[in-house]
Structures are given as structure tokens and as C-alpha cells.
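Only one structure is covered here, and it is reproduced in the block below.
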Amino acid sequence: MSEIVIQRVERDVILPLRGQVLSSEEARVGAFPGDMATETRHWAALLDGEVVGCVSVMNLRGWALRGMAVAPEQQGAGVGRALVEVVHAEVGAPMWCNAREDAVGFYARMGWTAVGPRFVIQHHGPHQRMTWG
């Protein structure tokens with residue numbers, strides 16, 4: 001049985017998965033402003049050398065978790081948890097993110113707290129600001 005490996009990578013390694021999972025048809029880009037800043041960090045979850053999960057952290061008025069994505073066939077298998085645990089260990093608190101509505105429960109189970117009302121990001125649907133630490 002193969003094991004998921006989490007490692008730091010360059011942004012271009014994760015763009016295909018990020019674009020596939022997170023972008024709508026109207027905005028299938030996958031790249032974010034701040035992706036290439038010197039303090040921004042990117043991680044990939046690899047299964048047999050294939051990227052099956054990704055996350056980025058950048059300094060946007062504090063540490064922001066961005067672009068968290070897990071391949072549909074790996075969702076619920078612990079990939080997201082492993083990625084967030086690495087981010088928690090390597091970056092530390094405090095941190096914030098804009099979680100998609102369907103991911104709020106996941107972040108809550110990881111110790112994140114919902115802050116303020118839910119809001120809509122055009123082409124990406126309802127979101128909730130979450131904080132950790």
C-alpha cells in the first residue's frame with residue numbers, strides 16, 4: 001500500500017490540481033496574487049509521485065492558508081488533514097483562511113474557528129472566514 005508524502009514544492013507543481021479542484025469554469029486559473037512572493041510556501045501531497053493534494057501559505061495581513069485542494073478520489077482519506085498538520089507545524093499560529101462553505105466542518109475539526117458572517121466570492125461560491133491560533 002502506498003503512503004502519502006507531504007513535501008515543500010515550487011508553485012508550478014501544484015497549479016494543475018489547484019486549478020482543477022478549486023476553480024470554476026469561469027475562472028480556471030489556479031494561480032493567486034502572492035504565489036511567487038519570497039515568503040510564500042507551497043506543499044504537495046504526493047501518492048506514488050502524483051500530486052493528490054496541495055496547500056499554500058502566504059503573508060497577507062498575517063499568515064493566510066490559500067489554495068487548499070485534494071483530488072476528488074482522495075477526499076476523506078486524510079490527505080487534507082496531513083497537509084494542514086504540516087502547515088500548523090511549520091508555519092504556526094496565528095493563521096486565517098477563507099474556507100469554502102463545504103470545508104468549514106473540516107477546518108473546525110482541525111481546530112479552526114469561524115469568524116464573522118459567511119460571504120460569497122464571485123465564481124467560487126459561499127465562504128467563511130476561519131482563524132487558527
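Just so we're on the same page: first chain in the C-alpha cells is A, next is B, and so on; residues restart at 1 for each chain, and ligands are numbered from 1 in the order they show up.
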For Phe32 in chain A, find every residue with an atom within 10 Å (counting only C-alpha atoms), except residues of its own chain fewer than 6 positions away, and show them as a ChimeraX atom specification. /A:15,56,66-67
If you run DSSP on this backbone, which residues of range 19-111 of chain A come out as helix (DSSP H, G or I), and could you give them as a PyMOL selection string? chain A and resi 19-22+25-27+72-74+79-91+101-109
Which residue, A:Pro117, A:Gly111, A:Gly34, A:Gly62, has the smallest gap to Glu85 in chain A when you use only C-alpha atoms?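 For Glu85 in chain A, the nearest of the given residues is A:Gly111.
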A:Arg100, A:His42, A:Arg11, A:His88: which is nearest Ile121 in chain A, counting only C-alpha atoms? A:Arg100
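Computed from the coordinates, the CA of Gln122 in chain A to CA of Pro94 in chain A distance equals 26.7 Å.
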Please return as a ChimeraX atom specification: the residues of range 6-127 of chain A that backbone DSSP assigns to strand (DSSP E or B). /A:6-8,41-47,50-59,63-70,95-100,113-121,125-127
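Shortest atom-to-atom contact with Arg129 in chain A among A:Gly76, A:Phe106, A:Glu101, A:Arg81: A:Glu101, counting only C-alpha atoms.
When only C-alpha atoms are used to compute distances to Asp48 in chain A, the closest of the residues A:Gly116, A:Asn98, A:His123, A:Glu3 turns out to be A:Glu3.
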List the spatial neighbours of Ala44 in chain A as number ranges by chain - criterion: any atom at most 10 Å away, only C-alpha atoms, same-chain residues fewer than 5 positions off excluded. A: 4-11, 13-14, 17, 50-56, 68-70, 79, 83
Coordinates-based distance that separates CA of Ala114 in chain A from CA of Gly19 in chain A (Å, one decimal): 25.2 Å
What's the separation between CA of Thr131 in chain A and CA of Cys97 in chain A, in Å to one decimal place?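 Computing it gives 6.5 Å between the two atoms.
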